[in-house]
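Source file: target03.tsv (TSV, C-alpha atoms)
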chain	number	residue	atom	x	y	z
A	235	MET	CA	23.28	-1.60	5.90
A	236	LYS	CA	21.71	1.48	7.48
A	237	VAL	CA	18.01	1.63	6.68
A	238	GLY	CA	15.84	4.73	6.87
A	239	ILE	CA	12.12	5.08	6.26
A	240	ILE	CA	10.25	8.10	4.95
A	241	GLY	CA	6.53	8.20	5.72
A	242	LEU	CA	4.90	6.96	8.92
A	243	GLY	CA	1.27	6.73	7.91
A	244	ALA	CA	-0.91	3.73	8.66
A	245	MET	CA	1.21	1.39	6.54
A	246	GLY	CA	4.60	3.05	7.00
A	247	LEU	CA	4.30	3.01	10.77
A	248	GLY	CA	3.75	-0.75	10.85
A	249	MET	CA	6.65	-1.36	8.49
A	250	ALA	CA	8.93	0.93	10.51
A	251	ARG	CA	8.10	-0.99	13.66
A	252	ARG	CA	8.99	-4.27	11.97
A	253	LEU	CA	12.29	-2.83	10.74
A	254	ALA	CA	13.06	-1.56	14.25
A	255	GLN	CA	12.24	-4.92	15.85
A	256	ALA	CA	14.58	-6.65	13.40
A	257	GLY	CA	17.40	-4.22	14.19
A	258	PHE	CA	17.58	-2.68	10.71
A	259	LEU	CA	16.09	0.76	11.32
A	260	ALA	CA	18.60	3.59	11.66
A	261	GLY	CA	16.55	6.70	10.86
A	262	VAL	CA	13.04	8.02	10.27
A	263	TYR	CA	11.46	11.05	8.64
A	264	ASN	CA	7.82	12.07	8.74
A	265	ARG	CA	6.17	15.42	8.05
A	266	THR	CA	4.35	15.16	11.39
A	267	ALA	CA	7.29	14.91	13.78
A	268	ALA	CA	5.23	13.50	16.67
A	269	LYS	CA	4.89	10.17	14.82
A	270	MET	CA	8.65	9.64	15.06
A	271	ALA	CA	8.70	9.82	18.87
A	272	GLU	CA	8.40	6.09	19.55
A	273	PHE	CA	11.51	5.18	17.57
A	274	SER	CA	14.89	5.12	19.32
A	275	VAL	CA	16.77	5.99	16.13
A	276	THR	CA	17.78	9.26	14.50
A	277	HIS	CA	14.84	11.57	13.80
A	278	TYR	CA	15.45	13.68	10.71
A	279	ALA	CA	13.96	17.12	10.17
A	280	GLN	CA	14.40	16.85	6.39
A	281	PRO	CA	14.37	13.85	4.03
A	282	GLU	CA	17.56	15.12	2.38
A	283	ALA	CA	19.42	14.70	5.66
A	284	LEU	CA	18.18	11.13	6.04
A	285	ALA	CA	19.20	10.30	2.47
A	286	ALA	CA	22.75	11.50	3.08
A	287	ASP	CA	23.19	8.98	5.91
A	288	MET	CA	21.43	5.83	4.71
A	289	ASP	CA	22.34	2.86	2.53
A	290	VAL	CA	18.71	1.82	2.01
A	291	ILE	CA	15.71	4.16	1.97
A	292	VAL	CA	12.12	2.90	2.21
A	293	LEU	CA	9.45	5.27	0.92
A	294	CYS	CA	5.84	4.97	2.03
A	295	VAL	CA	3.89	8.03	0.90
A	296	SER	CA	0.45	8.56	-0.60
A	297	ALA	CA	0.42	9.68	-4.22
A	298	ASP	CA	2.40	9.96	-7.45
A	299	LYS	CA	3.37	13.59	-6.90
A	300	ASP	CA	4.47	12.83	-3.35
A	301	VAL	CA	6.77	10.07	-4.58
A	302	LEU	CA	8.32	12.17	-7.32
A	303	ASP	CA	8.75	15.18	-5.03
A	304	MET	CA	10.41	13.00	-2.39
A	305	VAL	CA	12.69	11.29	-4.91
A	306	GLU	CA	13.77	14.63	-6.34
A	307	ALA	CA	14.51	15.88	-2.82
A	308	ILE	CA	16.59	12.91	-1.68
A	309	ALA	CA	18.42	12.75	-5.02
A	310	THR	CA	20.21	15.97	-4.07
A	311	THR	CA	22.05	14.28	-1.19
A	312	ILE	CA	21.82	10.55	-1.84
A	313	LYS	CA	25.03	8.49	-1.83
A	314	PRO	CA	26.07	6.37	-4.83
A	315	ASN	CA	24.89	2.74	-4.58
A	316	THR	CA	22.05	3.63	-2.22
A	317	ILE	CA	18.90	1.55	-2.79
A	318	VAL	CA	15.51	3.27	-2.68
A	319	ILE	CA	12.52	1.00	-2.17
A	320	ASP	CA	9.14	2.59	-2.86
A	321	THR	CA	6.28	0.77	-1.16
A	322	SER	CA	3.71	3.41	-2.16
A	323	THR	CA	0.95	2.71	-4.68
A	324	VAL	CA	1.51	4.85	-7.77
A	325	SER	CA	1.56	4.42	-11.55
A	326	SER	CA	4.14	2.43	-13.47
A	327	GLU	CA	5.12	5.65	-15.24
A	328	THR	CA	5.87	7.33	-11.91
A	329	ALA	CA	8.06	4.39	-10.88
A	330	GLN	CA	10.00	4.68	-14.13
A	331	GLN	CA	10.47	8.43	-13.66
A	332	ALA	CA	11.70	7.93	-10.09
A	333	ALA	CA	14.16	5.25	-11.21
A	334	ALA	CA	15.52	7.50	-13.98
A	335	CYS	CA	15.99	10.39	-11.55
A	336	LEU	CA	17.94	8.26	-9.08
A	337	ALA	CA	20.00	6.56	-11.79
A	338	LYS	CA	21.55	9.96	-12.57
A	339	HIS	CA	23.04	9.81	-9.06
A	340	ASN	CA	24.08	6.15	-9.31
A	341	ALA	CA	21.36	5.08	-6.90
A	342	ALA	CA	19.09	2.07	-7.48
A	343	PHE	CA	15.30	2.01	-7.31
A	344	LEU	CA	12.76	-0.75	-6.70
A	345	ASP	CA	9.03	-0.23	-7.05
A	346	ALA	CA	7.73	-2.52	-4.34
A	347	PRO	CA	4.07	-1.90	-3.51
A	348	VAL	CA	2.48	-4.13	-0.90
A	349	SER	CA	-0.85	-5.78	-0.17
A	350	GLY	CA	-2.19	-6.99	3.15
A	351	GLY	CA	-3.53	-3.89	4.81
A	352	VAL	CA	-2.72	-2.32	8.14
A	353	GLU	CA	-2.83	-5.75	9.78
A	354	GLY	CA	-0.24	-7.07	7.37
A	355	ALA	CA	2.07	-4.12	8.01
A	356	LYS	CA	1.72	-4.61	11.76
A	357	ASN	CA	2.30	-8.36	11.67
A	358	GLY	CA	4.95	-8.53	8.95
A	359	THR	CA	2.69	-10.57	6.68
A	360	LEU	CA	2.50	-8.24	3.68
A	361	SER	CA	2.75	-9.50	0.11
A	362	MET	CA	5.26	-7.45	-1.91
A	363	MET	CA	5.37	-7.23	-5.71
A	364	VAL	CA	8.68	-5.86	-6.95
A	365	GLY	CA	9.80	-4.20	-10.16
A	366	GLY	CA	13.46	-3.41	-10.90
A	367	ASP	CA	16.82	-5.13	-10.99
A	368	ALA	CA	16.59	-8.65	-9.53
A	369	ALA	CA	20.16	-8.46	-8.22
A	370	VAL	CA	19.33	-5.27	-6.31
A	371	LEU	CA	16.31	-7.00	-4.80
A	372	GLU	CA	18.48	-9.86	-3.55
A	373	ARG	CA	20.73	-7.39	-1.74
A	374	VAL	CA	17.82	-6.05	0.30
A	375	ARG	CA	15.69	-9.21	0.55
A	376	PRO	CA	16.70	-9.89	4.20
A	377	ILE	CA	15.55	-6.38	5.08
A	378	LEU	CA	12.25	-6.73	3.26
A	379	ALA	CA	11.65	-10.17	4.77
A	380	CYS	CA	11.03	-8.70	8.21
A	381	MET	CA	8.05	-6.77	6.80
A	382	THR	CA	6.63	-9.34	4.41
A	383	ALA	CA	5.54	-12.95	4.14
A	384	ARG	CA	5.91	-13.03	0.35
A	385	ILE	CA	8.30	-11.17	-1.95
A	386	ILE	CA	7.89	-11.74	-5.69
A	387	HIS	CA	10.11	-10.18	-8.33
A	388	ILE	CA	7.75	-9.34	-11.19
A	389	GLY	CA	10.08	-7.85	-13.77
A	390	ALA	CA	11.36	-4.49	-14.98
A	391	THR	CA	10.81	-1.17	-13.23
A	392	GLY	CA	7.10	-0.35	-13.14
A	393	SER	CA	5.93	-3.96	-13.22
A	394	GLY	CA	5.49	-4.00	-9.45
A	395	GLN	CA	3.10	-1.06	-9.68
A	396	ALA	CA	1.24	-2.63	-12.60
A	397	THR	CA	0.75	-5.76	-10.49
A	398	LYS	CA	-0.52	-3.64	-7.60
A	399	ALA	CA	-3.08	-2.15	-9.98
A	400	VAL	CA	-4.25	-5.71	-10.70
A	401	ASN	CA	-4.58	-6.24	-6.95
A	402	GLN	CA	-6.59	-3.05	-6.43
A	403	ILE	CA	-8.97	-3.82	-9.29
A	404	MET	CA	-9.54	-7.27	-7.80
A	405	CYS	CA	-10.12	-5.79	-4.34
A	406	ALA	CA	-12.80	-3.54	-5.84
A	407	GLY	CA	-14.64	-6.55	-7.21
A	408	ILE	CA	-14.36	-8.46	-3.95
A	409	ASN	CA	-15.64	-5.44	-2.03
A	410	GLN	CA	-18.64	-5.16	-4.33
A	411	ALA	CA	-19.42	-8.89	-4.13
A	412	VAL	CA	-19.05	-9.24	-0.36
A	413	THR	CA	-21.00	-6.10	0.55
A	414	GLU	CA	-23.80	-6.96	-1.87
A	415	ALA	CA	-24.05	-10.56	-0.68
A	416	LEU	CA	-24.09	-9.63	3.00
A	417	ALA	CA	-26.74	-6.99	2.40
A	418	PHE	CA	-28.80	-9.73	0.73
A	419	ALA	CA	-28.23	-11.99	3.76
A	420	GLU	CA	-29.46	-9.29	6.10
A	421	ALA	CA	-32.55	-8.78	3.93
A	422	GLN	CA	-33.24	-12.51	4.38
A	423	GLN	CA	-33.05	-11.99	8.15
A	424	LEU	CA	-30.29	-14.57	8.50
A	425	PRO	CA	-27.96	-14.81	11.55
A	426	MET	CA	-25.04	-12.87	10.12
A	427	ALA	CA	-22.23	-14.32	12.25
A	428	LYS	CA	-23.23	-17.84	11.24
A	429	VAL	CA	-23.59	-16.90	7.58
A	430	ILE	CA	-20.11	-15.37	7.54
A	431	GLU	CA	-18.59	-18.34	9.37
A	432	VAL	CA	-19.98	-20.97	7.02
A	433	ILE	CA	-19.32	-19.07	3.79
A	434	ALA	CA	-15.78	-18.20	4.86
A	435	GLY	CA	-15.00	-21.92	4.91
A	436	GLY	CA	-16.26	-22.58	1.39
A	437	ALA	CA	-15.56	-21.60	-2.19
A	438	ALA	CA	-16.59	-17.97	-1.60
A	439	GLY	CA	-14.25	-17.51	1.36
A	440	ASN	CA	-11.78	-14.61	1.14
A	441	TRP	CA	-9.61	-12.30	3.28
A	442	PHE	CA	-12.08	-9.41	3.09
A	443	LEU	CA	-14.98	-11.52	4.34
A	444	ASP	CA	-12.82	-12.94	7.15
A	445	HIS	CA	-11.53	-9.58	8.34
A	446	ARG	CA	-14.38	-7.17	7.55
A	447	GLY	CA	-17.55	-9.27	7.34
A	448	LEU	CA	-18.64	-8.98	10.96
A	449	THR	CA	-17.50	-5.39	11.44
A	450	MET	CA	-19.33	-4.06	8.39
A	451	THR	CA	-22.59	-5.79	9.38
A	452	GLN	CA	-22.23	-4.17	12.81
A	453	GLY	CA	-21.78	-0.71	11.29
A	454	GLU	CA	-18.09	-0.52	12.20
A	455	PHE	CA	-15.87	1.03	9.51
A	456	SER	CA	-13.11	2.74	11.47
A	457	THR	CA	-10.11	0.49	10.82
A	458	GLY	CA	-8.23	-0.75	7.79
A	459	PHE	CA	-7.63	0.62	4.30
A	460	LYS	CA	-9.10	4.09	3.78
A	461	LEU	CA	-11.77	4.30	1.13
A	462	ALA	CA	-10.28	7.53	-0.28
A	463	LEU	CA	-6.92	5.82	-0.79
A	464	HIS	CA	-8.49	2.90	-2.64
A	465	HIS	CA	-10.31	5.44	-4.78
A	466	LYS	CA	-6.95	7.05	-5.57
A	467	ASP	CA	-5.49	3.67	-6.50
A	468	LEU	CA	-8.44	2.79	-8.73
A	469	LYS	CA	-8.11	6.10	-10.57
A	470	ILE	CA	-4.49	5.14	-11.32
A	471	ALA	CA	-5.66	1.74	-12.56
A	472	GLU	CA	-8.39	3.38	-14.64
A	473	LEU	CA	-5.83	5.58	-16.40
A	474	MET	CA	-3.49	2.64	-17.01
A	475	ALA	CA	-6.39	0.60	-18.37
A	476	ALA	CA	-7.39	3.40	-20.74
A	477	GLN	CA	-3.83	3.63	-22.01
A	478	ALA	CA	-3.84	-0.13	-22.65
A	479	GLY	CA	-7.31	-0.12	-24.22
A	480	VAL	CA	-8.75	-2.43	-21.55
A	481	ALA	CA	-12.19	-1.99	-19.97
A	482	ILE	CA	-12.53	-2.32	-16.18
A	483	PRO	CA	-16.26	-1.65	-15.61
A	484	LEU	CA	-16.43	-3.09	-12.09
A	485	ALA	CA	-13.61	-0.83	-10.96
A	486	ALA	CA	-15.31	2.12	-12.67
A	487	MET	CA	-18.53	1.38	-10.76
A	488	THR	CA	-16.56	1.21	-7.52
A	489	ILE	CA	-14.95	4.58	-8.26
A	490	THR	CA	-18.44	6.08	-8.68
A	491	ASP	CA	-19.67	4.48	-5.45
A	492	TYR	CA	-16.62	5.68	-3.54
A	493	GLU	CA	-17.10	9.21	-4.84
A	494	GLN	CA	-20.64	9.22	-3.45
A	495	LEU	CA	-19.39	8.02	-0.08
A	496	MET	CA	-16.59	10.59	-0.09
A	497	ARG	CA	-19.11	13.37	-0.77
A	498	GLU	CA	-21.05	12.12	2.24
A	499	GLY	CA	-17.95	12.36	4.43
A	500	TYR	CA	-16.89	8.71	4.60
A	501	GLY	CA	-13.57	8.93	2.74
A	502	ASP	CA	-11.49	8.18	5.84
A	503	GLU	CA	-13.45	5.03	6.66
A	504	ASP	CA	-12.41	1.51	5.69
A	505	ILE	CA	-13.36	0.39	2.18
A	506	SER	CA	-16.01	-1.86	3.75
A	507	ALA	CA	-18.01	1.37	4.14
A	508	LEU	CA	-19.27	0.48	0.66
A	509	TYR	CA	-21.78	-1.57	2.68
A	510	ARG	CA	-23.53	1.74	3.47
A	511	LEU	CA	-24.78	1.84	-0.14
A	512	LYS	CA	-26.10	-1.74	-0.30
Output the file's structure as structure tokens, nothing else.
Amino acid sequence: MKVGIIGLGAMGLGMARRLAQAGFLAGVYNRTAAKMAEFSVTHYAQPEALAADMDVIVLCVSADKDVLDMVEAIATTIKPNTIVIDTSTVSSETAQQAAACLAKHNAAFLDAPVSGGVEGAKNGTLSMMVGGDAAVLERVRPILACMTARIIHIGATGSGQATKAVNQIMCAGINQAVTEALAFAEAQQLPMAKVIEVIAGGAAGNWFLDHRGLTMTQGEFSTGFKLALHHKDLKIAELMAAQAGVAIPLAAMTITDYEQLMREGYGDEDISALYRLK
């Protein structure tokens, strides 16, 4: 199957490289053409042209409107039986709208958001939560396997995005706990590298502490998952929670903290920049 990818941002670029290394990638489209230069496959000037040629299309864009705009564009040229896999983080409602749009053209849709950060995209160790037809997922599983270490079919269309919202709410809590605890450790004048090493091996150990503990305590926030993007994801989760009548106060606090940091010009920094407020 010919695979094309639309969107070569921080996550999309890593996934495209994994697809290319595995021999699946046949075409790329990105609004900034320079990002396509490294790939020895067809570079498309328009997403509609890519859609006309591909059997599988991977989307990796930023927001709900971007996904719907892109789906509406490729639907004009997409071939019947094409499979569109959206790895963006959007709402369950957006996933359902995208699936309905493509179904009119006899194309399949999987909402397949990922977790694992830029490192996971680079190393092919992402965790993917998938909503949609299980049989469709099985058709593309070998393709997805080159980008991921774990692929879980959650259920119907939109359930992948709902699971990603769970992930993002949990990440907010972990970010709050780790940054607060490390700020406390610094206030106790403890040797931070040793503190991080010993705690990482115990019950409080976690990915965020392992990968961001030292950098945040050294004032380094330049790599990883952008704070503004996590804010966007938490706003989606906040809306979904309101619709379900569920309170998510820790996520709400994180949204407020992120908005302060964004006003101060730190929106493009890693989410560990929350440490600036502790």
Of A:Leu247, A:Ile470, A:Leu511, A:Phe442, the one nearest to Gly407 of chain A when counting all atoms listed in the file is A:Phe442
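The coordinates place atom CA of Thr266 of chain A at 25.0 Å from atom CA of Ala329 of chain A.
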Take the point (18.5, 10.7, -5.9) in the file's coordinates, draw a sphere of radius 10 Å around it, and report as a PyMOL selection string every protein, DNA or RNA residue with an atom inside or on it, counting all atoms listed in the file.
chain A and resi 282+285-286+304-314+316-318+332-343
How would the residues just chosen look if you wrote them out with C-alpha atoms as a PDB file, keeping the file's coordinate frame?
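Listing of again.pdb after writing:
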ATOM      1  CA  GLU A 282      17.560  15.120   2.380  1.00  0.00           C
ATOM      2  CA  ALA A 285      19.200  10.300   2.470  1.00  0.00           C
ATOM      3  CA  ALA A 286      22.750  11.500   3.080  1.00  0.00           C
ATOM      4  CA  MET A 304      10.410  13.000  -2.390  1.00  0.00           C
ATOM      5  CA  VAL A 305      12.690  11.290  -4.910  1.00  0.00           C
ATOM      6  CA  GLU A 306      13.770  14.630  -6.340  1.00  0.00           C
ATOM      7  CA  ALA A 307      14.510  15.880  -2.820  1.00  0.00           C
ATOM      8  CA  ILE A 308      16.590  12.910  -1.680  1.00  0.00           C
ATOM      9  CA  ALA A 309      18.420  12.750  -5.020  1.00  0.00           C
ATOM     10  CA  THR A 310      20.210  15.970  -4.070  1.00  0.00           C
ATOM     11  CA  THR A 311      22.050  14.280  -1.190  1.00  0.00           C
ATOM     12  CA  ILE A 312      21.820  10.550  -1.840  1.00  0.00           C
ATOM     13  CA  LYS A 313      25.030   8.490  -1.830  1.00  0.00           C
ATOM     14  CA  PRO A 314      26.070   6.370  -4.830  1.00  0.00           C
ATOM     15  CA  THR A 316      22.050   3.630  -2.220  1.00  0.00           C
ATOM     16  CA  ILE A 317      18.900   1.550  -2.790  1.00  0.00           C
ATOM     17  CA  VAL A 318      15.510   3.270  -2.680  1.00  0.00           C
ATOM     18  CA  ALA A 332      11.700   7.930 -10.090  1.00  0.00           C
ATOM     19  CA  ALA A 333      14.160   5.250 -11.210  1.00  0.00           C
ATOM     20  CA  ALA A 334      15.520   7.500 -13.980  1.00  0.00           C
ATOM     21  CA  CYS A 335      15.990  10.390 -11.550  1.00  0.00           C
ATOM     22  CA  LEU A 336      17.940   8.260  -9.080  1.00  0.00           C
ATOM     23  CA  ALA A 337      20.000   6.560 -11.790  1.00  0.00           C
ATOM     24  CA  LYS A 338      21.550   9.960 -12.570  1.00  0.00           C
ATOM     25  CA  HIS A 339      23.040   9.810  -9.060  1.00  0.00           C
ATOM     26  CA  ASN A 340      24.080   6.150  -9.310  1.00  0.00           C
ATOM     27  CA  ALA A 341      21.360   5.080  -6.900  1.00  0.00           C
ATOM     28  CA  ALA A 342      19.090   2.070  -7.480  1.00  0.00           C
ATOM     29  CA  PHE A 343      15.300   2.010  -7.310  1.00  0.00           C
TER      30      PHE A 343
END
Considering all atoms listed in the file, return as an NGL selection string whatever protein or nucleic-acid residues lie within 7 Å of Leu284 of chain A, sequence-local ones (same chain, fewer than 5 positions apart) excluded.
:A and (238 or 261 or 278)
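Around Ala355 of chain A, within 10 Å and counting only C-alpha atoms, the residues found are Ala244, Met245, Gly246, Leu247, Gly248, Met249, Ala250, Arg251, Arg252, Val348, Ser349, Ser361, Met381 and Thr382 of chain A, once anything fewer than 6 positions away on its own chain is removed.
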Any idea what's packed within 7 Å of Asp320 of chain A, counting all atoms listed in the file, ignoring anything in its chain fewer than 2 positions away? Could you give it as a ChimeraX atom specification?
/A:292-294,318,322,344-347
Next, write the just-selected residues to a file, as a PDB file, in the coordinates of the input, keeping C-alpha atoms as the atom set.
ATOM      1  CA  VAL A 292      12.120   2.900   2.210  1.00  0.00           C
ATOM      2  CA  LEU A 293       9.450   5.270   0.920  1.00  0.00           C
ATOM      3  CA  CYS A 294       5.840   4.970   2.030  1.00  0.00           C
ATOM      4  CA  VAL A 318      15.510   3.270  -2.680  1.00  0.00           C
ATOM      5  CA  SER A 322       3.710   3.410  -2.160  1.00  0.00           C
ATOM      6  CA  LEU A 344      12.760  -0.750  -6.700  1.00  0.00           C
ATOM      7  CA  ASP A 345       9.030  -0.230  -7.050  1.00  0.00           C
ATOM      8  CA  ALA A 346       7.730  -2.520  -4.340  1.00  0.00           C
ATOM      9  CA  PRO A 347       4.070  -1.900  -3.510  1.00  0.00           C
TER      10      PRO A 347
END
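The nearest approach to Gly499 of chain A among the residues A:Leu461, A:Glu472, A:Ala256, A:Ile385, with all atoms listed in the file taken into account, belongs to A:Leu461.
Here the question is which of A:Tyr263, A:Phe258, A:Phe459, A:Tyr509 gets nearest to Val290 of chain A using only C-alpha atoms, and that residue is A:Phe258.
Atom CA of Leu484 of chain A lies 22.7 Å from atom CA of Ala434 of chain A.
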I want to know what sits within 12 Å of Ile430 of chain A, based on only C-alpha atoms, with residues of the same chain fewer than 5 positions away left out; could you give that as number ranges by chain?
A: 412-413, 415-417, 419-420, 424-425, 435-436, 438-451
Kindly export the residues of the current selection with C-alpha atoms, as an mmCIF file, in the coordinates of the input.
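The new file again-v3.cif reads:
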data_model
loop_
_atom_site.group_PDB
_atom_site.id
_atom_site.type_symbol
_atom_site.label_atom_id
_atom_site.label_comp_id
_atom_site.auth_asym_id
_atom_site.auth_seq_id
_atom_site.Cartn_x
_atom_site.Cartn_y
_atom_site.Cartn_z
ATOM 1 C CA VAL A 412 -19.050 -9.240 -0.360
ATOM 2 C CA THR A 413 -21.000 -6.100 0.550
ATOM 3 C CA ALA A 415 -24.050 -10.560 -0.680
ATOM 4 C CA LEU A 416 -24.090 -9.630 3.000
ATOM 5 C CA ALA A 417 -26.740 -6.990 2.400
ATOM 6 C CA ALA A 419 -28.230 -11.990 3.760
ATOM 7 C CA GLU A 420 -29.460 -9.290 6.100
ATOM 8 C CA LEU A 424 -30.290 -14.570 8.500
ATOM 9 C CA PRO A 425 -27.960 -14.810 11.550
ATOM 10 C CA GLY A 435 -15.000 -21.920 4.910
ATOM 11 C CA GLY A 436 -16.260 -22.580 1.390
ATOM 12 C CA ALA A 438 -16.590 -17.970 -1.600
ATOM 13 C CA GLY A 439 -14.250 -17.510 1.360
ATOM 14 C CA ASN A 440 -11.780 -14.610 1.140
ATOM 15 C CA TRP A 441 -9.610 -12.300 3.280
ATOM 16 C CA PHE A 442 -12.080 -9.410 3.090
ATOM 17 C CA LEU A 443 -14.980 -11.520 4.340
ATOM 18 C CA ASP A 444 -12.820 -12.940 7.150
ATOM 19 C CA HIS A 445 -11.530 -9.580 8.340
ATOM 20 C CA ARG A 446 -14.380 -7.170 7.550
ATOM 21 C CA GLY A 447 -17.550 -9.270 7.340
ATOM 22 C CA LEU A 448 -18.640 -8.980 10.960
ATOM 23 C CA THR A 449 -17.500 -5.390 11.440
ATOM 24 C CA MET A 450 -19.330 -4.060 8.390
ATOM 25 C CA THR A 451 -22.590 -5.790 9.380
#
